[in-house]
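Colleague: Below: one structure in structure tokens.
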Amino acid sequence: MTDKPMILAVGNNRANLDLLTQQLGREGYDTTSAASLEELDAAIQGKQSISLSLVDLSGFDQRIWQRCEQLRKAKIPFIVVSPQRSPTIQRDSMKHGAGALLVKPIGIKDLMEFVHTALGD
């Protein structure tokens, strides 16, 4: 058993998810990913203890907010990543329990600072 925090990366672009999980792994985190709502459902209900989720809204429809609500109810902190700055997205992110809203493009250094802060590292 590992004592590394588990981070769930969510996004519909598998190539981007692979890059993100590789970077998180280099930073010492265990990772898992979900590229669809069904995979996200399975991860939320799974046996792994998830310390943080990074949720990229790109390519998902409004049902992603239901999953964010499920993350909140499961007490899994999450950060929303958005392709654009929007008051609606900011409001919905906070309403459903996001710890932060990041707008693309995000530098790796900045992203890692948010991850470290969210995890209390």
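In the structure tokens, the first chain shown is A, the next is B, and so on; residue numbers restart at 1 for each chain, and ligands run from 1 in the order shown.
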Give me the range 17-77 of chain A side of the contact with range 94-98 of chain A, cut-off 8 Å, one line per residue showing its nearest atom pair and distance in Å at one decimal, counting only C-alpha atoms, sorted by chain and residue number, as CSV.
Modeller:
residue,atom,partner,partner_atom,distance
A:Trp65,CA,A:His96,CA,6.9
A:Cys68,CA,A:His96,CA,6.0
A:Glu69,CA,A:His96,CA,5.2
A:Arg72,CA,A:Gly97,CA,5.8
A:Pro77,CA,A:Ala98,CA,7.0
Colleague: Quick one: everything within 12 Å of Ile64 in chain A, counting only C-alpha atoms, minus sequence neighbours fewer than 2 positions away in the same chain. Send it as a compact mmCIF listing (two decimals) with all heavy atoms, in the first residue's frame.
Modeller:
# COMPACT_ATOMS: atom_id res chain seq x y z
N VAL A 10 -9.51 14.05 -14.91
CA VAL A 10 -10.71 13.87 -15.71
C VAL A 10 -10.65 14.77 -16.93
O VAL A 10 -10.41 15.98 -16.81
CB VAL A 10 -11.98 14.22 -14.89
CG1 VAL A 10 -13.23 14.03 -15.74
CG2 VAL A 10 -12.04 13.41 -13.61
N GLY A 11 -10.85 14.20 -18.09
CA GLY A 11 -10.88 14.97 -19.33
C GLY A 11 -11.17 14.04 -20.49
O GLY A 11 -10.88 12.84 -20.41
N ASN A 12 -11.71 14.57 -21.57
CA ASN A 12 -12.09 13.67 -22.66
C ASN A 12 -10.99 13.49 -23.70
O ASN A 12 -11.15 12.73 -24.64
CB ASN A 12 -13.40 14.11 -23.31
CG ASN A 12 -13.22 15.32 -24.21
OD1 ASN A 12 -12.26 16.06 -24.09
ND2 ASN A 12 -14.16 15.53 -25.09
N ALA A 34 -9.99 9.42 -15.96
CA ALA A 34 -11.32 9.13 -16.49
C ALA A 34 -11.52 10.00 -17.71
O ALA A 34 -11.42 11.22 -17.63
CB ALA A 34 -12.39 9.42 -15.44
N ALA A 35 -11.79 9.36 -18.85
CA ALA A 35 -11.95 10.09 -20.11
C ALA A 35 -13.41 10.14 -20.56
O ALA A 35 -13.71 10.62 -21.65
CB ALA A 35 -11.09 9.47 -21.20
N SER A 36 -14.31 9.66 -19.72
CA SER A 36 -15.74 9.70 -20.04
C SER A 36 -16.51 9.81 -18.74
O SER A 36 -15.97 9.57 -17.65
CB SER A 36 -16.16 8.42 -20.78
OG SER A 36 -16.09 7.30 -19.91
N LEU A 37 -17.77 10.16 -18.86
CA LEU A 37 -18.62 10.24 -17.66
C LEU A 37 -18.75 8.87 -16.99
O LEU A 37 -18.76 8.77 -15.76
CB LEU A 37 -20.00 10.80 -18.02
CG LEU A 37 -20.02 12.25 -18.51
CD1 LEU A 37 -21.42 12.65 -18.93
CD2 LEU A 37 -19.46 13.20 -17.47
N GLU A 38 -18.80 7.82 -17.80
CA GLU A 38 -18.92 6.47 -17.25
C GLU A 38 -17.66 6.09 -16.46
O GLU A 38 -17.75 5.50 -15.39
CB GLU A 38 -19.18 5.46 -18.38
CG GLU A 38 -20.52 5.64 -19.07
CD GLU A 38 -20.57 6.81 -20.06
OE1 GLU A 38 -19.51 7.30 -20.50
OE2 GLU A 38 -21.69 7.27 -20.35
N GLU A 39 -16.49 6.44 -17.00
CA GLU A 39 -15.25 6.16 -16.28
C GLU A 39 -15.18 6.99 -15.00
O GLU A 39 -14.69 6.50 -13.97
CB GLU A 39 -14.03 6.45 -17.16
CG GLU A 39 -13.85 5.47 -18.29
CD GLU A 39 -12.68 5.81 -19.19
OE1 GLU A 39 -11.83 6.66 -18.83
OE2 GLU A 39 -12.60 5.22 -20.29
N LEU A 40 -15.67 8.21 -15.06
CA LEU A 40 -15.69 9.06 -13.86
C LEU A 40 -16.62 8.46 -12.81
O LEU A 40 -16.27 8.41 -11.63
CB LEU A 40 -16.10 10.49 -14.22
CG LEU A 40 -16.20 11.49 -13.07
CD1 LEU A 40 -14.95 11.53 -12.23
CD2 LEU A 40 -16.53 12.87 -13.63
N ASP A 41 -17.78 7.99 -13.23
CA ASP A 41 -18.71 7.33 -12.30
C ASP A 41 -18.02 6.16 -11.61
O ASP A 41 -18.11 6.00 -10.39
CB ASP A 41 -19.95 6.82 -13.04
CG ASP A 41 -20.88 7.93 -13.50
OD1 ASP A 41 -20.78 9.06 -12.98
OD2 ASP A 41 -21.69 7.66 -14.41
N VAL A 55 -10.65 18.28 -12.90
CA VAL A 55 -11.75 18.06 -13.84
C VAL A 55 -11.67 19.08 -14.97
O VAL A 55 -11.98 20.26 -14.77
CB VAL A 55 -13.12 18.15 -13.14
CG1 VAL A 55 -14.24 17.90 -14.13
CG2 VAL A 55 -13.20 17.18 -11.96
N ASP A 56 -11.27 18.62 -16.15
CA ASP A 56 -11.23 19.48 -17.34
C ASP A 56 -12.61 19.41 -18.01
O ASP A 56 -13.04 18.35 -18.45
CB ASP A 56 -10.14 18.98 -18.30
CG ASP A 56 -9.96 19.87 -19.52
OD1 ASP A 56 -10.83 20.73 -19.79
OD2 ASP A 56 -8.94 19.70 -20.21
N LEU A 57 -13.28 20.54 -18.07
CA LEU A 57 -14.64 20.59 -18.61
C LEU A 57 -14.70 20.39 -20.12
O LEU A 57 -15.76 20.06 -20.65
CB LEU A 57 -15.29 21.94 -18.28
CG LEU A 57 -15.45 22.30 -16.81
CD1 LEU A 57 -16.07 23.69 -16.70
CD2 LEU A 57 -16.29 21.27 -16.08
N SER A 58 -13.59 20.61 -20.82
CA SER A 58 -13.57 20.56 -22.28
C SER A 58 -14.18 19.26 -22.81
O SER A 58 -13.78 18.17 -22.41
CB SER A 58 -12.15 20.66 -22.81
OG SER A 58 -11.54 21.84 -22.39
N GLY A 59 -15.14 19.39 -23.70
CA GLY A 59 -15.74 18.23 -24.35
C GLY A 59 -16.86 17.55 -23.59
O GLY A 59 -17.48 16.63 -24.11
N PHE A 60 -17.14 17.99 -22.38
CA PHE A 60 -18.24 17.41 -21.61
C PHE A 60 -19.47 18.31 -21.70
O PHE A 60 -19.35 19.52 -21.84
CB PHE A 60 -17.86 17.22 -20.14
CG PHE A 60 -16.85 16.13 -19.91
CD1 PHE A 60 -15.55 16.43 -19.54
CD2 PHE A 60 -17.21 14.79 -20.06
CE1 PHE A 60 -14.62 15.43 -19.33
CE2 PHE A 60 -16.28 13.78 -19.84
CZ PHE A 60 -14.98 14.10 -19.48
N ASP A 61 -20.63 17.70 -21.58
CA ASP A 61 -21.86 18.49 -21.56
C ASP A 61 -22.24 18.82 -20.11
O ASP A 61 -21.45 18.61 -19.19
CB ASP A 61 -23.00 17.76 -22.30
CG ASP A 61 -23.34 16.40 -21.70
OD1 ASP A 61 -23.09 16.19 -20.49
OD2 ASP A 61 -23.89 15.55 -22.42
N GLN A 62 -23.43 19.33 -19.92
CA GLN A 62 -23.87 19.77 -18.60
C GLN A 62 -23.89 18.66 -17.55
O GLN A 62 -23.89 18.94 -16.35
CB GLN A 62 -25.26 20.42 -18.70
CG GLN A 62 -25.27 21.74 -19.43
CD GLN A 62 -24.46 22.78 -18.69
OE1 GLN A 62 -24.60 22.97 -17.49
NE2 GLN A 62 -23.59 23.47 -19.41
N GLN A 66 -23.25 17.22 -12.61
CA GLN A 66 -23.79 16.17 -11.74
C GLN A 66 -22.64 15.36 -11.15
O GLN A 66 -22.67 14.98 -9.96
CB GLN A 66 -24.72 15.24 -12.52
CG GLN A 66 -25.96 15.90 -13.03
CD GLN A 66 -26.69 15.04 -14.06
OE1 GLN A 66 -26.11 14.15 -14.67
NE2 GLN A 66 -27.98 15.32 -14.24
N ARG A 67 -21.61 15.09 -11.96
CA ARG A 67 -20.46 14.33 -11.47
C ARG A 67 -19.66 15.16 -10.46
O ARG A 67 -19.15 14.62 -9.48
CB ARG A 67 -19.56 13.92 -12.63
CG ARG A 67 -20.05 12.80 -13.55
CD ARG A 67 -21.42 12.30 -13.30
NE ARG A 67 -21.79 11.19 -14.15
CZ ARG A 67 -22.69 11.28 -15.13
NH1 ARG A 67 -23.30 12.42 -15.41
NH2 ARG A 67 -23.00 10.20 -15.83
N CYS A 68 -19.56 16.46 -10.69
CA CYS A 68 -18.89 17.32 -9.71
C CYS A 68 -19.63 17.28 -8.38
O CYS A 68 -19.01 17.23 -7.31
CB CYS A 68 -18.78 18.75 -10.24
SG CYS A 68 -17.58 18.95 -11.57
N GLU A 69 -20.93 17.26 -8.45
CA GLU A 69 -21.74 17.16 -7.24
C GLU A 69 -21.48 15.81 -6.54
O GLU A 69 -21.40 15.74 -5.32
CB GLU A 69 -23.22 17.32 -7.59
CG GLU A 69 -24.13 17.48 -6.41
CD GLU A 69 -23.90 18.76 -5.62
OE1 GLU A 69 -23.40 19.77 -6.17
OE2 GLU A 69 -24.21 18.74 -4.41
N GLN A 70 -21.32 14.75 -7.32
CA GLN A 70 -21.01 13.44 -6.74
C GLN A 70 -19.63 13.46 -6.08
O GLN A 70 -19.44 12.85 -5.02
CB GLN A 70 -21.07 12.35 -7.81
CG GLN A 70 -22.47 12.07 -8.28
CD GLN A 70 -22.51 11.10 -9.45
OE1 GLN A 70 -21.49 10.64 -9.95
NE2 GLN A 70 -23.71 10.80 -9.92
N LEU A 71 -18.66 14.15 -6.71
CA LEU A 71 -17.34 14.29 -6.09
C LEU A 71 -17.48 14.99 -4.74
O LEU A 71 -16.90 14.56 -3.74
CB LEU A 71 -16.39 15.07 -7.00
CG LEU A 71 -15.86 14.35 -8.23
CD1 LEU A 71 -15.21 15.35 -9.18
CD2 LEU A 71 -14.89 13.25 -7.84
N VAL A 80 -11.62 22.57 -10.98
CA VAL A 80 -12.18 22.62 -12.32
C VAL A 80 -11.20 23.35 -13.24
O VAL A 80 -10.67 24.40 -12.88
CB VAL A 80 -13.57 23.32 -12.32
CG1 VAL A 80 -14.04 23.60 -13.74
CG2 VAL A 80 -14.58 22.46 -11.58
N ILE A 89 -19.44 29.60 -15.68
CA ILE A 89 -18.61 28.45 -15.30
C ILE A 89 -18.06 28.64 -13.89
O ILE A 89 -18.04 27.71 -13.09
CB ILE A 89 -17.48 28.21 -16.32
CG1 ILE A 89 -18.09 27.73 -17.64
CG2 ILE A 89 -16.46 27.21 -15.79
CD1 ILE A 89 -17.10 27.62 -18.77
N ASP A 92 -20.97 27.99 -11.47
CA ASP A 92 -21.31 26.57 -11.41
C ASP A 92 -20.21 25.77 -10.71
O ASP A 92 -20.51 24.84 -9.96
CB ASP A 92 -21.55 26.02 -12.82
CG ASP A 92 -22.88 26.48 -13.41
OD1 ASP A 92 -23.74 26.99 -12.65
OD2 ASP A 92 -23.06 26.33 -14.63
N SER A 93 -18.97 26.13 -10.95
CA SER A 93 -17.86 25.42 -10.29
C SER A 93 -17.96 25.55 -8.78
O SER A 93 -17.86 24.55 -8.05
CB SER A 93 -16.51 25.99 -10.77
OG SER A 93 -16.34 25.77 -12.14
N HIS A 96 -21.03 23.75 -7.17
CA HIS A 96 -20.93 22.29 -7.06
C HIS A 96 -19.75 21.85 -6.21
O HIS A 96 -19.49 20.65 -6.10
CB HIS A 96 -20.89 21.67 -8.45
CG HIS A 96 -22.18 21.84 -9.19
ND1 HIS A 96 -23.34 21.17 -8.84
CD2 HIS A 96 -22.52 22.65 -10.21
CE1 HIS A 96 -24.32 21.54 -9.64
NE2 HIS A 96 -23.85 22.44 -10.48
Colleague: Using only C-alpha atoms, find the one residue out of A:Leu102, A:Ile7, A:Ile50, A:Ile108 that sits nearest to Gly28 in chain A.
Modeller: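 Answer, going by the shortest atom-to-atom distance: A:Ile7.
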Colleague: Show which residues sit within 12 Å of Lys47 in chain A, as a list in words. Count only C-alpha atoms, and ignore same-chain residues fewer than 5 positions away.
Modeller: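 Near Lys47 in chain A, the qualifying residues are Met6, Ala42 and Ala74 of chain A.
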Colleague: Among range 61-95 of chain A, which ones does DSSP assign to strand (DSSP E) (computed from the backbone)? Answer as a VMD selection string.
Modeller: chain A and resid 78 to 82
Colleague: Pick out the closest residue to Ala43 in chain A from this set: A:Ile76, A:Leu8, A:Ile106, A:Leu19. Count only C-alpha atoms.
Modeller: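 Counting only C-alpha atoms, the residue closest to Ala43 in chain A is A:Leu8.
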Colleague: Taking the backbone alone, and naming residues the way the document does, which bits of chain A are helix (DSSP H, G or I) by DSSP, as a PyMOL selection string?
Modeller: chain A and resi 14-26+37-45+63-73+87-95+108-119
Colleague: Just write the chosen residues, C-alpha atoms, as a compact mmCIF listing (two decimals), in the first residue's frame.
Modeller:
# COMPACT_ATOMS: atom_id res chain seq x y z
CA ARG A 14 -6.73 10.82 -23.66
CA ALA A 15 -3.44 12.27 -24.95
CA ASN A 16 -3.75 15.26 -22.59
CA LEU A 17 -4.73 12.94 -19.72
CA ASP A 18 -1.65 10.81 -20.35
CA LEU A 19 0.61 13.89 -20.29
CA LEU A 20 -1.03 15.14 -17.11
CA THR A 21 -0.79 11.81 -15.30
CA GLN A 22 2.87 11.47 -16.34
CA GLN A 23 3.64 14.93 -14.94
CA LEU A 24 1.80 14.18 -11.71
CA GLY A 25 3.71 10.90 -11.44
CA ARG A 26 7.02 12.77 -11.79
CA LEU A 37 -18.62 10.24 -17.66
CA GLU A 38 -18.92 6.47 -17.25
CA GLU A 39 -15.25 6.16 -16.28
CA LEU A 40 -15.69 9.06 -13.86
CA ASP A 41 -18.71 7.33 -12.30
CA ALA A 42 -16.65 4.17 -11.83
CA ALA A 43 -13.76 6.12 -10.27
CA ILE A 44 -16.04 7.95 -7.82
CA GLN A 45 -17.67 4.70 -6.74
CA ARG A 63 -23.90 16.30 -17.03
CA ILE A 64 -20.34 16.96 -15.81
CA TRP A 65 -21.86 19.17 -13.09
CA GLN A 66 -23.79 16.17 -11.74
CA ARG A 67 -20.46 14.33 -11.47
CA CYS A 68 -18.89 17.32 -9.71
CA GLU A 69 -21.74 17.16 -7.24
CA GLN A 70 -21.01 13.44 -6.74
CA LEU A 71 -17.34 14.29 -6.09
CA ARG A 72 -18.44 16.83 -3.49
CA LYS A 73 -20.78 14.35 -1.80
CA PRO A 87 -18.94 33.96 -14.87
CA THR A 88 -21.35 31.06 -15.47
CA ILE A 89 -18.61 28.45 -15.30
CA GLN A 90 -17.13 30.11 -12.22
CA ARG A 91 -20.53 30.20 -10.50
CA ASP A 92 -21.31 26.57 -11.41
CA SER A 93 -17.86 25.42 -10.29
CA MET A 94 -18.25 26.98 -6.87
CA LYS A 95 -21.90 25.94 -6.57
CA ILE A 108 2.71 23.03 -15.34
CA LYS A 109 4.38 25.02 -12.56
CA ASP A 110 1.15 26.91 -11.81
CA LEU A 111 -0.93 23.75 -11.95
CA MET A 112 1.42 21.96 -9.58
CA GLU A 113 1.25 24.88 -7.12
CA PHE A 114 -2.55 24.54 -7.06
CA VAL A 115 -2.27 20.77 -6.58
CA HIS A 116 0.24 21.12 -3.74
CA THR A 117 -1.94 23.76 -2.06
CA ALA A 118 -5.13 21.71 -2.47
CA LEU A 119 -3.43 18.68 -0.93
Colleague: Can you tell me, as a list in words, what residues are no more than 8 Å from Lys104 in chain A when counting only C-alpha atoms, ignoring any on the same chain fewer than 5 positions away?
Modeller: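 So the residues in contact are Val81, Ser82, Pro83 and Gln84 of chain A.
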